[in-house]
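Asker: You'll find structure.txt just under this line, and it carries compact mmCIF, C-alpha atoms.
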```txt
# COMPACT_ATOMS: atom_id res chain seq x y z
CA MET K 1 22.56 -15.58 -15.04
CA MET K 2 19.93 -14.77 -12.47
CA LYS K 3 16.32 -15.08 -13.52
CA ARG K 4 14.47 -11.78 -13.69
CA PHE K 5 11.00 -11.99 -12.20
CA PRO K 6 8.08 -9.79 -13.21
CA ALA K 7 6.88 -7.22 -10.67
CA SER K 8 3.66 -8.07 -8.82
CA ARG K 9 1.16 -5.44 -7.85
CA MET K 10 0.54 -5.40 -4.13
CA LEU K 11 -0.72 -3.24 -1.28
CA LEU K 12 1.82 -2.08 1.28
CA GLU K 13 -0.07 -3.90 4.06
CA GLU K 14 1.03 -7.12 2.32
CA LEU K 15 4.66 -6.03 2.71
CA HIS K 16 4.38 -5.47 6.45
CA GLY K 17 2.20 -8.53 7.06
CA GLY K 18 4.49 -10.87 5.11
CA TYR K 19 7.85 -12.58 5.59
CA ILE K 20 11.12 -11.70 3.83
CA MET K 21 12.55 -15.04 2.74
CA ARG K 22 16.34 -14.85 2.42
CA LYS K 23 18.00 -17.26 0.01
CA GLU K 24 21.63 -18.24 0.39
CA GLY K 25 22.54 -19.29 -3.13
CA ASP K 26 24.12 -16.78 -5.52
CA PHE K 27 21.52 -17.47 -8.16
CA GLU K 28 18.50 -17.35 -5.89
CA HIS K 29 16.54 -14.19 -5.18
CA ASN K 30 15.11 -13.14 -1.84
CA TYR K 31 11.38 -12.73 -1.91
CA LEU K 32 8.39 -11.66 0.12
CA LEU K 33 5.97 -14.36 1.19
CA THR K 34 2.70 -12.59 1.95
CA SER K 35 0.34 -13.84 4.65
CA GLU K 36 -2.00 -14.85 1.81
CA GLY K 37 0.73 -17.00 0.27
CA ARG K 38 1.77 -14.75 -2.61
CA LYS K 39 5.44 -15.04 -3.51
CA ILE K 40 6.67 -11.60 -4.55
CA TYR K 41 10.17 -11.09 -5.91
CA ARG K 42 9.58 -7.62 -7.24
CA VAL K 43 6.97 -5.18 -6.00
CA LYS K 44 4.85 -2.78 -8.01
CA SER K 45 2.84 -0.31 -5.98
CA VAL K 46 1.04 3.03 -6.22
CA GLY K 47 0.79 5.56 -3.40
CA VAL K 48 1.27 9.11 -2.20
CA LEU K 49 4.60 10.55 -1.01
CA LEU K 50 4.17 11.43 2.67
CA SER K 51 7.49 13.23 2.94
CA GLU K 52 9.88 15.20 0.81
CA PRO K 53 12.59 12.91 -0.60
CA ALA K 54 15.62 12.63 1.70
CA ILE K 55 19.00 12.44 -0.04
CA SER K 56 22.22 11.91 1.90
CA GLU K 57 24.87 14.64 1.70
CA ASP K 58 27.20 12.49 -0.41
CA GLY K 59 24.30 11.49 -2.69
CA ALA K 60 24.89 7.79 -2.06
CA TYR K 61 21.54 7.11 -0.45
CA SER K 62 18.03 8.44 -0.81
CA SER K 63 14.64 7.56 0.60
CA VAL K 64 10.97 8.45 0.41
CA VAL K 65 7.98 7.36 2.49
CA VAL K 66 5.04 6.19 0.40
CA ALA K 67 1.52 5.50 1.73
CA ASP K 68 -1.23 3.67 -0.14
CA PHE K 69 -3.84 4.05 2.67
CA SER K 70 -3.45 0.39 3.65
CA GLU K 71 0.06 1.04 5.10
CA ALA K 72 3.17 3.10 4.49
CA ALA K 73 6.67 2.01 3.55
CA ARG K 74 10.09 3.54 3.29
CA CYS K 75 11.51 3.16 -0.21
CA VAL K 76 15.26 3.45 -0.56
CA ALA K 77 17.73 3.85 -3.41
CA PHE K 78 21.52 3.61 -3.37
CA ARG K 79 24.55 4.89 -5.28
CA GLU K 80 23.83 6.01 -8.84
CA GLU K 81 20.16 5.12 -8.41
CA ALA K 82 19.77 7.53 -5.47
CA VAL K 83 19.03 10.40 -7.86
CA MET K 84 15.78 8.80 -9.03
CA VAL K 85 13.80 10.52 -6.25
CA GLU K 86 15.03 13.97 -7.31
CA GLY K 87 12.18 16.07 -8.63
CA LEU K 88 9.55 14.28 -6.60
CA ARG K 89 7.61 16.27 -3.99
CA ARG K 90 5.55 15.51 -0.90
CA GLY K 91 1.98 14.81 -2.05
CA ASP K 92 2.93 13.39 -5.46
CA ILE K 93 1.09 10.25 -6.55
CA VAL K 94 3.74 7.76 -7.63
CA GLN K 95 4.09 4.28 -9.04
CA LEU K 96 7.16 2.38 -7.93
CA VAL K 97 8.92 -0.87 -8.73
CA GLY K 98 11.45 -2.45 -6.40
CA HIS K 99 12.61 -5.37 -4.30
CA PRO K 100 11.08 -6.14 -0.92
CA THR K 101 13.80 -5.98 1.70
CA GLU K 102 14.36 -5.59 5.42
CA TRP K 103 16.67 -3.31 7.39
CA ARG K 104 16.77 -3.34 11.19
CA GLU K 105 13.53 -5.30 11.28
CA GLU K 106 11.76 -2.69 9.18
CA LYS K 107 10.42 -3.92 5.86
CA GLN K 108 11.31 -1.58 3.03
CA ILE K 109 11.38 -1.44 -0.75
CA ALA K 110 14.70 -1.08 -2.59
CA LEU K 111 13.71 1.05 -5.55
CA GLU K 112 14.38 0.17 -9.17
CA ALA K 113 12.10 2.87 -10.57
CA ILE K 114 9.69 5.50 -9.31
CA GLY K 115 7.68 8.12 -11.13
CA LYS K 116 4.61 10.29 -10.96
CA VAL K 117 1.32 8.86 -12.26
CA PRO K 118 -2.18 10.33 -12.68
CA PRO K 119 -4.67 9.88 -9.75
CA ASN K 120 -6.75 7.24 -11.57
CA MET K 121 -3.76 4.88 -11.28
CA ILE K 122 -4.69 4.48 -7.59
CA THR K 123 -7.99 2.87 -8.63
CA LEU K 124 -6.48 0.82 -11.46
CA HIS K 125 -3.73 -0.47 -9.17
CA ARG K 126 -6.16 -1.54 -6.47
CA VAL K 127 -8.50 -3.25 -8.96
CA GLU K 128 -5.55 -5.23 -10.32
CA VAL K 129 -4.41 -6.17 -6.81
CA LEU K 130 -7.92 -7.30 -5.94
CA THR K 131 -8.17 -9.41 -9.09
CA GLU K 132 -4.73 -10.97 -8.55
CA ARG K 133 -5.51 -11.79 -4.92
CA ARG K 134 -8.83 -13.40 -5.83
CA ILE K 135 -7.24 -15.63 -8.49
CA HIS K 136 -4.43 -16.54 -6.10
CA LYS K 137 -6.81 -17.32 -3.24
CA ALA K 138 -8.73 -19.82 -5.37
CA SER K 139 -5.56 -21.78 -6.21
CA LEU K 140 -4.29 -21.49 -2.64
CA ASP K 141 -7.55 -22.96 -1.27
CA ASP K 142 -7.19 -25.89 -3.70
CA ALA K 143 -3.59 -26.42 -2.58
CA VAL K 144 -4.53 -26.36 1.12
CA MET K 145 -7.21 -29.01 0.48
CA LEU K 146 -4.81 -31.16 -1.52
CA LEU K 147 -2.18 -30.99 1.20
CA GLU K 148 -4.76 -31.94 3.81
CA GLU K 149 -5.86 -34.89 1.67
CA THR K 150 -2.38 -36.27 1.02
CA LYS K 151 -0.67 -35.06 4.25
CA ASN K 152 2.63 -35.15 2.36
CA VAL K 153 4.27 -32.34 0.37
CA ARG K 154 5.87 -34.62 -2.25
CA LYS K 155 2.68 -36.55 -2.88
CA ALA K 156 0.68 -33.32 -3.00
CA ARG K 157 3.11 -31.90 -5.58
CA GLU K 158 2.72 -34.97 -7.79
CA GLU K 159 -1.06 -34.88 -7.43
CA ALA K 160 -1.06 -31.15 -8.21
CA LYS K 161 0.80 -31.85 -11.49
CA LEU K 162 -1.79 -34.49 -12.42
CA ARG K 163 -4.62 -32.05 -11.70
CA GLY K 164 -3.01 -29.34 -13.82
CA MET K 165 -2.13 -27.12 -10.85
CA ASP K 166 1.20 -25.36 -10.37
CA PRO K 167 3.10 -27.67 -7.98
CA GLU K 168 4.94 -24.69 -6.48
CA ILE K 169 1.76 -23.59 -4.74
CA ILE K 170 2.00 -26.70 -2.53
CA GLU K 171 5.41 -25.61 -1.30
CA ILE K 172 4.13 -22.09 -0.69
CA VAL K 173 1.35 -23.44 1.53
CA ASP K 174 3.88 -25.55 3.43
CA GLU K 175 6.34 -22.64 3.77
CA LEU K 176 3.61 -20.30 4.98
CA LYS K 177 2.50 -22.81 7.60
CA LEU K 178 6.10 -23.14 8.79
CA GLN K 179 6.57 -19.36 9.00
CA LYS K 180 3.38 -18.93 11.00
CA GLU K 181 4.42 -21.68 13.41
CA ARG K 182 7.86 -20.06 13.86
CA GLU K 183 6.27 -16.70 14.49
CA GLU K 184 4.05 -18.18 17.21
CA GLU K 185 7.02 -19.89 18.84
CA GLU K 186 9.33 -16.86 18.83
CA PRO K 187 8.87 -14.58 21.82
CA LEU K 188 8.14 -10.97 20.97
CA VAL K 189 11.35 -9.00 21.48
CA VAL K 190 10.96 -5.25 21.73
CA ASP K 191 14.16 -3.36 21.03
CA LYS K 192 14.65 -0.63 23.66
CA GLU K 193 15.85 1.93 21.08
CA ASP K 194 12.89 1.27 18.80
CA PHE K 195 10.54 1.48 21.77
CA LEU K 196 11.97 4.88 22.71
CA LYS K 197 11.75 6.12 19.12
CA GLY K 198 8.10 5.03 19.03
CA LYS K 199 7.45 6.96 22.27
CA ILE K 200 9.09 10.10 20.83
CA MET K 201 7.04 9.81 17.64
CA ASP K 202 3.86 9.47 19.72
CA ILE K 203 4.74 12.66 21.63
CA ILE K 204 5.51 14.58 18.44
CA ILE K 205 2.30 13.37 16.76
CA ASN K 206 0.03 13.90 19.76
CA LEU K 207 1.44 17.11 21.22
CA GLY K 208 2.83 18.75 18.12
CA GLY K 209 0.85 20.43 15.40
CA ASP K 210 2.37 22.29 12.52
CA MET K 211 4.66 23.98 15.06
CA GLY K 212 6.09 20.73 16.41
CA VAL K 213 7.33 19.91 19.90
CA GLU K 214 10.20 21.41 21.91
CA TYR K 215 13.06 19.09 22.84
CA ASP K 216 12.54 19.89 26.54
CA THR K 217 8.89 18.80 26.28
CA ILE K 218 9.99 15.44 24.87
CA VAL K 219 12.51 15.00 27.70
CA GLY K 220 9.90 16.06 30.27
CA GLN K 221 7.45 13.42 29.00
CA LEU K 222 10.01 10.60 29.06
CA THR K 223 11.03 10.46 32.70
CA ASP K 224 11.92 6.74 32.47
CA PHE K 225 14.77 7.40 30.03
CA LYS K 226 18.16 9.08 30.35
CA GLU K 227 18.65 12.30 28.41
CA ASP K 228 21.56 10.93 26.37
CA GLU K 229 19.33 8.03 25.25
CA ILE K 230 16.60 10.48 24.21
CA ASP K 231 19.14 12.69 22.46
CA LYS K 232 20.48 9.75 20.46
CA ALA K 233 16.97 8.56 19.52
CA VAL K 234 15.99 12.07 18.32
CA HIS K 235 19.15 12.26 16.20
CA ASP K 236 18.42 8.80 14.76
CA LEU K 237 14.87 9.87 13.87
CA LEU K 238 16.26 12.98 12.15
CA ALA K 239 18.77 10.87 10.21
CA GLU K 240 16.06 8.37 9.23
CA GLY K 241 13.89 11.18 7.86
CA GLU K 242 11.01 10.50 10.27
CA ILE K 243 11.16 14.00 11.79
CA PHE K 244 12.70 17.33 10.91
CA GLU K 245 13.82 20.37 12.86
CA PRO K 246 12.18 23.53 11.44
CA ARG K 247 13.69 25.60 14.28
CA ILE K 248 16.46 24.81 16.75
CA ASN K 249 15.28 22.23 19.31
CA ARG K 250 11.78 21.98 17.84
CA PHE K 251 10.74 18.81 16.04
CA VAL K 252 7.95 18.05 13.58
CA ARG K 253 6.92 14.76 12.03
CA VAL K 254 7.77 14.54 8.34
CA MET Y 1 9.36 0.85 14.78
CA LYS Y 2 5.67 1.37 14.23
CA ARG Y 3 5.04 3.65 11.28
CA THR Y 4 2.02 5.95 11.23
CA PHE Y 5 0.09 6.35 8.03
CA PRO Y 6 -3.24 7.78 6.94
CA ARG Y 7 -6.03 5.19 6.85
CA GLU Y 8 -8.71 5.57 4.22
CA LYS Y 9 -12.06 6.43 5.81
CA ASN Y 10 -15.47 7.81 4.97
CA VAL Y 11 -16.42 11.17 6.47
CA SER Y 12 -19.43 9.49 8.09
CA ASP Y 13 -17.14 7.13 10.04
CA LEU Y 14 -14.68 9.69 11.40
CA THR Y 15 -13.95 10.06 15.09
CA GLU Y 16 -11.41 12.37 16.75
CA LYS Y 17 -7.65 11.81 16.94
CA GLU Y 18 -7.35 9.61 13.88
CA TYR Y 19 -4.84 9.96 11.06
CA VAL Y 20 -7.03 9.55 8.00
CA ALA Y 21 -7.19 9.91 4.24
CA LEU Y 22 -10.35 10.74 2.36
CA ILE Y 23 -11.16 11.58 -1.23
CA GLY Y 24 -13.92 14.07 -1.94
CA THR Y 25 -15.08 17.13 -3.81
CA VAL Y 26 -14.52 20.67 -2.59
CA VAL Y 27 -18.01 22.07 -1.97
CA GLY Y 28 -17.03 25.24 -0.14
CA ARG Y 29 -14.05 27.41 0.73
CA ASP Y 30 -13.32 30.13 3.23
CA ASP Y 31 -10.34 32.23 2.23
CA LYS Y 32 -10.34 34.07 5.61
CA ASP Y 33 -9.68 31.09 7.87
CA TYR Y 34 -8.01 29.07 5.11
CA SER Y 35 -10.43 26.16 5.15
CA LEU Y 36 -12.31 23.97 2.70
CA MET Y 37 -15.52 22.00 2.98
CA VAL Y 38 -15.00 18.57 1.41
CA ASP Y 39 -17.80 16.14 0.59
CA ASP Y 40 -16.98 12.48 -0.01
CA GLY Y 41 -20.54 11.30 -0.65
CA THR Y 42 -21.06 10.09 2.92
CA GLY Y 43 -20.75 13.50 4.56
CA THR Y 44 -19.02 16.85 4.58
CA ILE Y 45 -16.01 17.86 6.67
CA LYS Y 46 -14.17 21.10 7.32
CA VAL Y 47 -10.51 20.85 6.30
CA LEU Y 48 -8.00 23.37 7.64
CA ALA Y 49 -5.88 23.64 4.55
CA GLU Y 50 -2.38 24.86 3.74
CA LYS Y 51 -3.50 25.44 0.16
CA ILE Y 52 -6.93 26.52 -1.04
CA PHE Y 53 -8.59 24.66 -3.94
CA GLU Y 54 -11.46 25.72 -6.18
CA VAL Y 55 -15.02 24.54 -5.50
CA GLY Y 56 -15.66 21.47 -7.67
CA ASN Y 57 -12.08 20.16 -7.48
CA VAL Y 58 -11.60 16.55 -6.38
CA VAL Y 59 -8.98 16.29 -3.65
CA CYS Y 60 -7.41 13.68 -1.41
CA CYS Y 61 -6.98 15.01 2.14
CA MET Y 62 -4.66 13.32 4.64
CA GLY Y 63 -4.60 14.65 8.19
CA LYS Y 64 -5.55 14.34 11.80
CA THR Y 65 -9.14 14.60 12.99
CA GLU Y 66 -9.86 16.95 15.87
CA ARG Y 67 -13.01 17.94 17.63
CA LEU Y 68 -13.44 21.70 17.46
CA ALA Y 69 -16.94 22.77 16.42
CA GLY Y 70 -17.58 19.24 15.14
CA ILE Y 71 -14.89 17.02 13.63
CA VAL Y 72 -12.38 18.91 11.50
CA LEU Y 73 -9.29 17.75 9.64
CA THR Y 74 -6.03 19.46 10.65
CA ASN Y 75 -2.33 19.19 9.68
CA VAL Y 76 -3.55 18.33 6.24
CA LEU Y 77 -1.67 17.26 3.15
CA ILE Y 78 -3.98 17.85 0.19
CA VAL Y 79 -3.43 16.20 -3.18
CA ASP Y 80 -5.12 17.49 -6.30
CA MET Y 81 -6.97 14.53 -7.87
CA GLU Y 82 -7.55 16.10 -11.27
CA ASP Y 83 -9.69 13.93 -13.61
CA PHE Y 84 -10.19 11.34 -10.86
CA ASP Y 85 -13.11 9.00 -11.60
CA ARG Y 86 -14.98 9.01 -8.29
CA GLU Y 87 -17.70 6.65 -9.55
CA LEU Y 88 -15.15 3.98 -10.40
CA TYR Y 89 -13.40 4.54 -7.09
CA ALA Y 90 -16.71 4.09 -5.20
CA ARG Y 91 -17.26 0.79 -7.05
CA LEU Y 92 -13.75 -0.33 -6.14
CA ARG Y 93 -14.32 0.43 -2.46
CA ALA Y 94 -17.58 -1.53 -2.53
CA MET Y 95 -15.71 -4.48 -4.08
CA GLU Y 96 -12.97 -4.25 -1.45
CA ALA Y 97 -15.53 -4.09 1.35
CA GLY Y 98 -17.08 -7.29 -0.01
CA GLU Y 99 -13.79 -9.18 0.27
```
Kindly present the structure from the file in C-alpha cells form.

Answerer:
Amino acid sequence: MMKRFPASRMLLEELHGGYIMRKEGDFEHNYLLTSEGRKIYRVKSVGVLLSEPAISEDGAYSSVVVADFSEAARCVAFREEAVMVEGLRRGDIVQLVGHPTEWREEKQIALEAIGKVPPNMITLHRVEVLTERRIHKASLDDAVMLLEETKNVRKAREEAKLRGMDPEIIEIVDELKLQKEREEEEPLVVDKEDFLKGKIMDIIINLGGDMGVEYDTIVGQLTDFKEDEIDKAVHDLLAEGEIFEPRINRFVRV
Amino acid sequence: MKRTFPREKNVSDLTEKEYVALIGTVVGRDDKDYSLMVDDGTGTIKVLAEKIFEVGNVVCCMGKTERLAGIVLTNVLIVDMEDFDRELYARLRAMEAGE
C-alpha cells in the first residue's frame, strides 16, 4: 500500500520555482522539490479564483485558476472528481489540497479537495507557510554545513543521525544541488506554440479592456506568424480556459 | 506559457500598467461613474468597479493600473473581505518583508 503523506502549506510561487520529481516505482510518489529544499508530496494552499470554473462538455475534466498574490496556478480535476469545482465562482476565496503535477511544462495542481474559506484564512495560511519555511531553513542550513564538512552524502547522513538531525535532509540538499546544476546546463528551449500563445495573451491583456480584442487585431499585430498558426493558438487558449469569446471573433482574458 | 497574476502591492507603490492586488477599506463611492475610493493604509486609489460596495467594507481589489487623472484601478475583480483582520494582515506583511 502506498504511503499517504500529509499536505504541506505552500505559496504558489514555490510550485513554479520548484522541480517536479518523477519516481518510477509503483509505490513511490512524485513530489515537488522547492527551490528552498522543501519536499512536498501534497499541496495545501489558499487563494482567490481568477476565473469561473471550466468543466468539459462530457464532465470528465474541470479546472480553475487560483492566485495567492505570489503566483497563480491551474488546478485540475478528472472523472468523478471533476464536479468538485461546481458551485464555485470567480472571486471566491478557496482552500485547496492536491498533488503537484506538470502538464506540457506547466506546473499544475491535481485537486483532491477544494472549498470556500473565510478571508482570514489568507492570513492564517501565510503565517503557517512563513513559520514552516523558517523552521525548514534552519535545518537546511545545518545540512548544507554538514555536507560541506564531510564532502560525502553517506558520511553526512551518518553524522546527521548522530547529531539528531533527519538524515533525509542531506539527500534533499544533494538533490537540490543536482537539479540546479542540470538547470544551468540545459539550454532554454522556447516552444514556438507557447511563444505564440504568450504573444496573443499579451495583446489581449494590453489592448483589450472589458470589451476584449477583435481577432483581426490579433492577426494584424502578429505579422511574423501565419494565420492558421494564430487560429490554432487562439482555439487552444479558448480550450485551456485562458480566454473566452463574449462575442463572435472578440476575445477577453478570463 | 507565462501566466499573468495579480501581485500584492501597496497603493503608495503603484505605477501604471501593472496587474495588482490590494486589500483596503472602502472610504468613498460614486454611484454615477461606478467607482470606489479604497484606502489600504498607505494611500487611497480610485477603483472602477463592476460592483459597488458600502463605505467601511474591507475589499480585495485585483486589476490593472492605468493613468487617467492619477493612477486608477480598472478591469477590477473585487472580493468582499468580510470580517477580515487588517491589523493581523499588516503584521504578517511586515514579517514577510523582513524575510

Asker: Y:Phe5: which residues within 8 Å, counting all atoms listed in the file, same-chain residues fewer than 6 positions away excluded, as a PyMOL selection string?

Answerer: (chain K and resi 67+69+71-72) or (chain Y and resi 19-20)

Asker: Quick one, how far is atom CA of K:Leu146 from atom CA of K:Lys177?

Answerer: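 Interatomic distance, atom CA of K:Leu146 to atom CA of K:Lys177: 14.4 Å.
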
Asker: Under the rule of at most 12 Å, produce a per-residue listing of stretch 10-88 of chain Y near stretch 43-51 of chain K: chain, number, name, the closest pair of atoms, and the distance in Å, as a Markdown table, using only C-alpha atoms.

Answerer:
```
| residue | atom | partner | partner_atom | distance |
| --- | --- | --- | --- | --- |
| Y:Ala21 | CA | K:Val48 | CA | 10.7 |
| Y:Cys60 | CA | K:Val48 | CA | 9.8 |
| Y:Cys61 | CA | K:Val48 | CA | 11.0 |
| Y:Met62 | CA | K:Leu50 | CA | 9.2 |
| Y:Gly63 | CA | K:Leu50 | CA | 10.9 |
| Y:Val76 | CA | K:Leu50 | CA | 11.0 |
| Y:Leu77 | CA | K:Leu50 | CA | 8.3 |
| Y:Ile78 | CA | K:Val48 | CA | 10.5 |
| Y:Val79 | CA | K:Val48 | CA | 8.6 |
| Y:Asp80 | CA | K:Val48 | CA | 11.3 |
| Y:Met81 | CA | K:Val48 | CA | 11.4 |
```

Asker: As an exercise, work out the distance from atom CA of K:Glu240 to atom CA of K:His16 in Å and give it to one decimal place.

Answerer: 18.3 Å

Asker: Can I get the residues of chain K within 7 Å of chain Y, each with the closest pair of atoms and their distance in Å to one decimal, using all atoms listed in the file, sorted chain first then ascending number, as JSON lines?

Answerer:
```
{"residue": "K:Ala67", "atom": "CA", "partner": "Y:Phe5", "partner_atom": "CA", "distance": 6.5}
{"residue": "K:Phe69", "atom": "CA", "partner": "Y:Arg7", "partner_atom": "CA", "distance": 4.9}
{"residue": "K:Ser70", "atom": "CA", "partner": "Y:Arg7", "partner_atom": "CA", "distance": 6.3}
{"residue": "K:Glu71", "atom": "CA", "partner": "Y:Phe5", "partner_atom": "CA", "distance": 6.1}
{"residue": "K:Ala72", "atom": "CA", "partner": "Y:Phe5", "partner_atom": "CA", "distance": 5.7}
{"residue": "K:Gly91", "atom": "CA", "partner": "Y:Val79", "partner_atom": "CA", "distance": 5.7}
{"residue": "K:Pro119", "atom": "CA", "partner": "Y:Met81", "partner_atom": "CA", "distance": 5.5}
{"residue": "K:Asn120", "atom": "CA", "partner": "Y:Phe84", "partner_atom": "CA", "distance": 5.4}
{"residue": "K:Thr123", "atom": "CA", "partner": "Y:Tyr89", "partner_atom": "CA", "distance": 5.9}
{"residue": "K:Val127", "atom": "CA", "partner": "Y:Leu92", "partner_atom": "CA", "distance": 6.6}
{"residue": "K:Asp194", "atom": "CA", "partner": "Y:Met1", "partner_atom": "CA", "distance": 5.4}
{"residue": "K:Gly198", "atom": "CA", "partner": "Y:Met1", "partner_atom": "CA", "distance": 6.1}
{"residue": "K:Gly209", "atom": "CA", "partner": "Y:Asn75", "partner_atom": "CA", "distance": 6.7}
{"residue": "K:Asp210", "atom": "CA", "partner": "Y:Asn75", "partner_atom": "CA", "distance": 6.3}
```

Asker: Step by step: start from the point (-18.1, 18.1, 2.9) in the file's coordinates, keep every protein, DNA or RNA residue that has an atom no farther than 12 Å from it, count only C-alpha atoms, and write the set as a CSV table (one decimal) with C-alpha atoms, in the frame of the given file.

Answerer:
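The resulting file, point33.csv, is shown below:
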```csv
chain,number,residue,atom,x,y,z
Y,10,ASN,CA,-15.5,7.8,5.0
Y,11,VAL,CA,-16.4,11.2,6.5
Y,12,SER,CA,-19.4,9.5,8.1
Y,22,LEU,CA,-10.4,10.7,2.4
Y,23,ILE,CA,-11.2,11.6,-1.2
Y,24,GLY,CA,-13.9,14.1,-1.9
Y,25,THR,CA,-15.1,17.1,-3.8
Y,26,VAL,CA,-14.5,20.7,-2.6
Y,27,VAL,CA,-18.0,22.1,-2.0
Y,28,GLY,CA,-17.0,25.2,-0.1
Y,29,ARG,CA,-14.0,27.4,0.7
Y,35,SER,CA,-10.4,26.2,5.2
Y,36,LEU,CA,-12.3,24.0,2.7
Y,37,MET,CA,-15.5,22.0,3.0
Y,38,VAL,CA,-15.0,18.6,1.4
Y,39,ASP,CA,-17.8,16.1,0.6
Y,40,ASP,CA,-17.0,12.5,0.0
Y,41,GLY,CA,-20.5,11.3,-0.6
Y,42,THR,CA,-21.1,10.1,2.9
Y,43,GLY,CA,-20.8,13.5,4.6
Y,44,THR,CA,-19.0,16.8,4.6
Y,45,ILE,CA,-16.0,17.9,6.7
Y,46,LYS,CA,-14.2,21.1,7.3
Y,47,VAL,CA,-10.5,20.8,6.3
Y,55,VAL,CA,-15.0,24.5,-5.5
Y,56,GLY,CA,-15.7,21.5,-7.7
Y,58,VAL,CA,-11.6,16.6,-6.4
Y,59,VAL,CA,-9.0,16.3,-3.6
Y,61,CYS,CA,-7.0,15.0,2.1
Y,71,ILE,CA,-14.9,17.0,13.6
Y,72,VAL,CA,-12.4,18.9,11.5
Y,73,LEU,CA,-9.3,17.8,9.6
```

Asker: Between K:Thr150, K:Glu57, K:Arg9, K:Thr223, which one has atoms that come closest to K:His125, using only C-alpha atoms?

Answerer: K:Arg9

Asker: Taking into account all atoms listed in the file, which residue in the set K:Ala82, K:Met121, K:Leu147, K:Leu33 is nearest to K:Ile55?

Answerer: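 For K:Ile55, the nearest of the candidates is K:Ala82.
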
Asker: Measuring between all atoms listed in the file, which one of K:Glu102, K:Asp142, K:Glu52, K:Asp216 shows the shortest distance to K:Val85?

Answerer: K:Glu52

Asker: Separation of atom CA of K:Met21 and atom CA of K:Gly98, in Å?

Answerer: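 So the two atoms, atom CA of K:Met21 and atom CA of K:Gly98, lie 15.6 Å apart.
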